[in-house]
>>> print(open('protein.txt').read())   # compact mmCIF, C-alpha atoms
# COMPACT_ATOMS: atom_id res chain seq x y z
CA MET A 798 2.80 -4.28 -29.14
CA ALA A 799 2.46 -1.22 -26.96
CA ARG A 800 2.81 -1.64 -23.22
CA VAL A 801 -0.35 -2.86 -21.47
CA LEU A 802 -0.97 -0.97 -18.22
CA ARG A 803 -3.11 -1.58 -15.15
CA GLY A 804 -6.46 0.18 -15.42
CA GLU A 805 -6.56 0.20 -19.21
CA ILE A 806 -9.68 -0.86 -21.03
CA ARG A 807 -8.65 -2.86 -24.10
CA TRP A 808 -10.20 -5.02 -26.76
CA ALA A 809 -9.41 -8.68 -26.17
CA ASP A 810 -10.05 -11.94 -27.94
CA LEU A 811 -11.47 -14.18 -25.22
CA GLY A 812 -11.74 -17.06 -27.67
CA SER A 813 -14.01 -20.02 -27.22
CA THR A 814 -15.42 -20.71 -23.78
CA ARG A 815 -17.94 -22.87 -21.97
CA GLY A 816 -21.04 -22.25 -19.89
CA HIS A 817 -21.41 -18.71 -18.55
CA GLU A 818 -17.90 -17.56 -19.46
CA GLN A 819 -17.59 -14.39 -21.55
CA SER A 820 -16.34 -15.09 -25.05
CA GLY A 821 -15.39 -13.51 -28.35
CA GLN A 822 -14.04 -10.03 -29.01
CA ARG A 823 -14.94 -7.77 -26.11
CA PRO A 824 -13.52 -5.05 -23.92
CA VAL A 825 -11.65 -6.04 -20.78
CA LEU A 826 -10.20 -4.08 -17.88
CA VAL A 827 -6.58 -4.89 -17.01
CA LEU A 828 -6.06 -5.49 -13.26
CA SER A 829 -2.54 -6.90 -13.13
CA ALA A 830 0.41 -4.71 -12.20
CA ASP A 831 2.48 -3.12 -14.97
CA VAL A 832 5.64 -5.05 -14.02
CA PHE A 833 3.70 -8.36 -14.23
CA ASN A 834 2.33 -7.40 -17.65
CA ASP A 835 5.79 -6.42 -18.91
CA ARG A 836 7.61 -9.54 -17.71
CA SER A 837 5.09 -12.37 -17.98
CA GLY A 838 3.72 -11.96 -21.49
CA THR A 839 0.24 -12.18 -19.95
CA VAL A 840 -2.26 -9.86 -18.27
CA ILE A 841 -4.95 -10.50 -15.70
CA ALA A 842 -8.20 -8.85 -16.76
CA VAL A 843 -11.94 -8.82 -16.14
CA ALA A 844 -14.59 -8.84 -18.84
CA LEU A 845 -16.81 -5.82 -19.49
CA THR A 846 -20.38 -5.93 -20.75
CA SER A 847 -22.98 -3.49 -22.01
CA GLN A 848 -25.82 -5.76 -20.88
CA ASP A 849 -27.68 -4.40 -17.86
CA GLN A 850 -26.66 -6.51 -14.86
CA ARG A 851 -29.14 -7.77 -12.23
CA ALA A 852 -26.40 -8.93 -9.88
CA GLY A 853 -24.89 -6.05 -7.94
CA TYR A 854 -21.57 -5.52 -6.24
CA PRO A 855 -19.34 -7.51 -5.67
CA LEU A 856 -20.30 -9.56 -8.76
CA THR A 857 -20.69 -6.56 -11.06
CA LEU A 858 -19.91 -2.87 -10.91
CA ALA A 859 -21.03 -0.01 -13.17
CA LEU A 860 -18.01 1.66 -14.73
CA ASN A 861 -17.63 5.15 -16.21
CA THR A 862 -15.99 4.64 -19.61
CA PRO A 863 -15.62 6.42 -22.94
CA LEU A 864 -17.43 3.47 -24.55
CA PRO A 865 -20.65 4.31 -26.42
CA LYS A 866 -22.90 2.20 -24.14
CA PRO A 867 -23.29 1.93 -20.35
CA THR A 868 -20.65 -0.51 -19.10
CA TRP A 869 -20.46 -2.99 -16.24
CA VAL A 870 -17.44 -4.89 -14.97
CA LYS A 871 -18.12 -8.58 -14.52
CA ILE A 872 -15.84 -8.97 -11.51
CA SER A 873 -16.31 -12.74 -11.36
CA GLN A 874 -15.19 -13.08 -15.02
CA ILE A 875 -11.45 -12.80 -14.38
CA ARG A 876 -9.01 -14.23 -16.92
CA THR A 877 -5.30 -14.52 -17.52
CA LEU A 878 -4.71 -13.64 -21.17
CA SER A 879 -1.65 -13.74 -23.39
CA VAL A 880 -0.70 -10.24 -24.54
CA GLU A 881 -1.21 -11.66 -28.04
CA ARG A 882 -4.97 -11.63 -27.28
CA ILE A 883 -4.93 -7.95 -26.29
CA GLY A 884 -5.93 -5.30 -28.83
CA ARG A 885 -6.17 -1.55 -28.97
CA LYS A 886 -6.76 0.70 -26.00
CA LEU A 887 -10.31 1.98 -25.56
CA GLY A 888 -9.93 4.01 -22.39
CA ARG A 889 -8.90 3.86 -18.78
CA ALA A 890 -10.55 3.27 -15.39
CA THR A 891 -9.64 5.49 -12.47
CA PRO A 892 -7.33 4.09 -9.76
CA GLU A 893 -10.30 4.25 -7.36
CA GLU A 894 -12.43 2.13 -9.71
CA VAL A 895 -9.63 -0.42 -10.06
CA ASP A 896 -9.25 -0.56 -6.26
CA ARG A 897 -13.01 -1.12 -5.83
CA ILE A 898 -12.98 -3.92 -8.42
CA ILE A 899 -10.05 -5.62 -6.67
CA ALA A 900 -11.89 -5.25 -3.33
CA GLY A 901 -14.94 -6.92 -4.93
CA LEU A 902 -12.77 -9.74 -6.23
CA ASN A 903 -11.29 -10.19 -2.76
CA GLU A 904 -14.82 -10.35 -1.33
CA ILE A 905 -15.82 -13.04 -3.84
CA LEU A 906 -12.67 -15.01 -2.93
CA GLY A 907 -13.28 -14.60 0.80
CA VAL A 908 -10.05 -12.67 1.39
>>> encode(input="protein.txt", output="structure tokens")
Amino acid sequence: MARVLRGEIRWADLGSTRGHEQSGQRPVLVLSADVFNDRSGTVIAVALTSQDQRAGYPLTLALNTPLPKPTWVKISQIRTLSVERIGRKLGRATPEEVDRIIAGLNEILGV
């Protein structure tokens, strides 16, 4: 598999889930550092959705992507995924967008 890099938007198989968790094949945004991705065999990513989101920042954030529909990051839907679940690259977020998403995650966590 090709290297998975921070900021990439990739297809991922989120598998079966429960409750309000995102599931199935969907795009995710990789947040974990490249060295972590290379050495751990996993990535830390957040789910993306094309469904208009009522909750604003820090729970969701509109993202400029090459995807065919408007896209929101579901910042609270963070997952650690095996690289075996990661598919082809769809695009890339800017470093500023990644920083804002991480800041939103920190806000949710009370950091």
>>> atom_distance(input="protein.txt", atom1="atom CA of A:Thr891", atom2="atom CA of A:Leu845")
15.1 Å
>>> closest_residue(input="protein.txt", among="A:Val840, A:Val895, A:Ile806, A:Ala799", to="A:Arg882", atoms="all atoms listed in the file")
A:Val840
>>> atom_distance(input="protein.txt", atom1="atom CA of A:Ala842", atom2="atom CA of A:Glu805")
9.5 Å
>>> atom_distance(input="protein.txt", atom1="atom CA of A:Gly821", atom2="atom CA of A:Gly853")
23.7 Å
>>> closest_residue(input="protein.txt", among="A:Ser873, A:Val880, A:Gln848, A:Gly804", to="A:Ala830", atoms="all atoms listed in the file")
A:Gly804
>>> build_atoms(input="protein.txt", residues="stretch 819-846 of chain A", atoms="N, CA and C atoms", output="PDB file, keeping the file's coordinate frame")
ATOM      1  N   GLN A 819     -17.542 -15.386 -20.483  1.00  0.00           N
ATOM      2  CA  GLN A 819     -17.590 -14.390 -21.550  1.00  0.00           C
ATOM      3  C   GLN A 819     -16.688 -14.847 -22.683  1.00  0.00           C
ATOM      4  N   SER A 820     -17.123 -14.608 -23.919  1.00  0.00           N
ATOM      5  CA  SER A 820     -16.340 -15.090 -25.050  1.00  0.00           C
ATOM      6  C   SER A 820     -16.280 -14.049 -26.158  1.00  0.00           C
ATOM      7  N   GLY A 821     -15.482 -14.348 -27.170  1.00  0.00           N
ATOM      8  CA  GLY A 821     -15.390 -13.510 -28.350  1.00  0.00           C
ATOM      9  C   GLY A 821     -14.592 -12.236 -28.134  1.00  0.00           C
ATOM     10  N   GLN A 822     -14.702 -11.325 -29.091  1.00  0.00           N
ATOM     11  CA  GLN A 822     -14.040 -10.030 -29.010  1.00  0.00           C
ATOM     12  C   GLN A 822     -14.863  -9.141 -28.080  1.00  0.00           C
ATOM     13  N   ARG A 823     -14.228  -8.648 -27.029  1.00  0.00           N
ATOM     14  CA  ARG A 823     -14.940  -7.770 -26.110  1.00  0.00           C
ATOM     15  C   ARG A 823     -13.955  -6.935 -25.329  1.00  0.00           C
ATOM     16  N   PRO A 824     -14.417  -5.853 -24.749  1.00  0.00           N
ATOM     17  CA  PRO A 824     -13.520  -5.050 -23.920  1.00  0.00           C
ATOM     18  C   PRO A 824     -13.257  -5.737 -22.584  1.00  0.00           C
ATOM     19  N   VAL A 825     -12.038  -5.553 -22.101  1.00  0.00           N
ATOM     20  CA  VAL A 825     -11.650  -6.040 -20.780  1.00  0.00           C
ATOM     21  C   VAL A 825     -10.947  -4.901 -20.039  1.00  0.00           C
ATOM     22  N   LEU A 826     -10.916  -5.020 -18.728  1.00  0.00           N
ATOM     23  CA  LEU A 826     -10.200  -4.080 -17.880  1.00  0.00           C
ATOM     24  C   LEU A 826      -9.003  -4.801 -17.283  1.00  0.00           C
ATOM     25  N   VAL A 827      -7.814  -4.272 -17.494  1.00  0.00           N
ATOM     26  CA  VAL A 827      -6.580  -4.890 -17.010  1.00  0.00           C
ATOM     27  C   VAL A 827      -6.410  -4.583 -15.524  1.00  0.00           C
ATOM     28  N   LEU A 828      -6.242  -5.638 -14.705  1.00  0.00           N
ATOM     29  CA  LEU A 828      -6.060  -5.490 -13.260  1.00  0.00           C
ATOM     30  C   LEU A 828      -4.635  -5.749 -12.808  1.00  0.00           C
ATOM     31  N   SER A 829      -3.891  -6.513 -13.566  1.00  0.00           N
ATOM     32  CA  SER A 829      -2.540  -6.900 -13.130  1.00  0.00           C
ATOM     33  C   SER A 829      -1.590  -5.701 -13.179  1.00  0.00           C
ATOM     34  N   ALA A 830      -0.573  -5.784 -12.326  1.00  0.00           N
ATOM     35  CA  ALA A 830       0.410  -4.710 -12.200  1.00  0.00           C
ATOM     36  C   ALA A 830       1.255  -4.597 -13.473  1.00  0.00           C
ATOM     37  N   ASP A 831       1.705  -3.389 -13.757  1.00  0.00           N
ATOM     38  CA  ASP A 831       2.480  -3.120 -14.970  1.00  0.00           C
ATOM     39  C   ASP A 831       3.707  -4.027 -15.082  1.00  0.00           C
ATOM     40  N   VAL A 832       4.426  -4.230 -13.985  1.00  0.00           N
ATOM     41  CA  VAL A 832       5.640  -5.050 -14.020  1.00  0.00           C
ATOM     42  C   VAL A 832       5.285  -6.503 -14.379  1.00  0.00           C
ATOM     43  N   PHE A 833       4.165  -7.024 -13.878  1.00  0.00           N
ATOM     44  CA  PHE A 833       3.700  -8.360 -14.230  1.00  0.00           C
ATOM     45  C   PHE A 833       3.408  -8.423 -15.729  1.00  0.00           C
ATOM     46  N   ASN A 834       2.687  -7.429 -16.229  1.00  0.00           N
ATOM     47  CA  ASN A 834       2.330  -7.400 -17.650  1.00  0.00           C
ATOM     48  C   ASN A 834       3.567  -7.372 -18.531  1.00  0.00           C
ATOM     49  N   ASP A 835       4.565  -6.566 -18.129  1.00  0.00           N
ATOM     50  CA  ASP A 835       5.790  -6.420 -18.910  1.00  0.00           C
ATOM     51  C   ASP A 835       6.611  -7.712 -18.956  1.00  0.00           C
ATOM     52  N   ARG A 836       6.682  -8.408 -17.835  1.00  0.00           N
ATOM     53  CA  ARG A 836       7.610  -9.540 -17.710  1.00  0.00           C
ATOM     54  C   ARG A 836       7.006 -10.900 -18.015  1.00  0.00           C
ATOM     55  N   SER A 837       5.684 -11.039 -17.866  1.00  0.00           N
ATOM     56  CA  SER A 837       5.090 -12.370 -17.980  1.00  0.00           C
ATOM     57  C   SER A 837       4.579 -12.709 -19.371  1.00  0.00           C
ATOM     58  N   GLY A 838       4.327 -11.696 -20.189  1.00  0.00           N
ATOM     59  CA  GLY A 838       3.720 -11.960 -21.490  1.00  0.00           C
ATOM     60  C   GLY A 838       2.229 -12.225 -21.381  1.00  0.00           C
ATOM     61  N   THR A 839       1.668 -12.011 -20.185  1.00  0.00           N
ATOM     62  CA  THR A 839       0.240 -12.180 -19.950  1.00  0.00           C
ATOM     63  C   THR A 839      -0.282 -10.982 -19.157  1.00  0.00           C
ATOM     64  N   VAL A 840      -1.606 -10.851 -19.132  1.00  0.00           N
ATOM     65  CA  VAL A 840      -2.260  -9.860 -18.270  1.00  0.00           C
ATOM     66  C   VAL A 840      -3.411 -10.558 -17.560  1.00  0.00           C
ATOM     67  N   ILE A 841      -3.774 -10.027 -16.418  1.00  0.00           N
ATOM     68  CA  ILE A 841      -4.950 -10.500 -15.700  1.00  0.00           C
ATOM     69  C   ILE A 841      -6.012  -9.428 -15.874  1.00  0.00           C
ATOM     70  N   ALA A 842      -7.167  -9.818 -16.408  1.00  0.00           N
ATOM     71  CA  ALA A 842      -8.200  -8.850 -16.760  1.00  0.00           C
ATOM     72  C   ALA A 842      -9.579  -9.381 -16.420  1.00  0.00           C
ATOM     73  N   VAL A 843     -10.536  -8.460 -16.337  1.00  0.00           N
ATOM     74  CA  VAL A 843     -11.940  -8.820 -16.140  1.00  0.00           C
ATOM     75  C   VAL A 843     -12.739  -8.357 -17.350  1.00  0.00           C
ATOM     76  N   ALA A 844     -13.757  -9.136 -17.683  1.00  0.00           N
ATOM     77  CA  ALA A 844     -14.590  -8.840 -18.840  1.00  0.00           C
ATOM     78  C   ALA A 844     -15.532  -7.677 -18.534  1.00  0.00           C
ATOM     79  N   LEU A 845     -15.820  -6.899 -19.566  1.00  0.00           N
ATOM     80  CA  LEU A 845     -16.810  -5.820 -19.490  1.00  0.00           C
ATOM     81  C   LEU A 845     -18.006  -6.202 -20.336  1.00  0.00           C
ATOM     82  N   THR A 846     -19.163  -5.668 -19.990  1.00  0.00           N
ATOM     83  CA  THR A 846     -20.380  -5.930 -20.750  1.00  0.00           C
ATOM     84  C   THR A 846     -21.224  -4.676 -20.835  1.00  0.00           C
TER      85      THR A 846
END
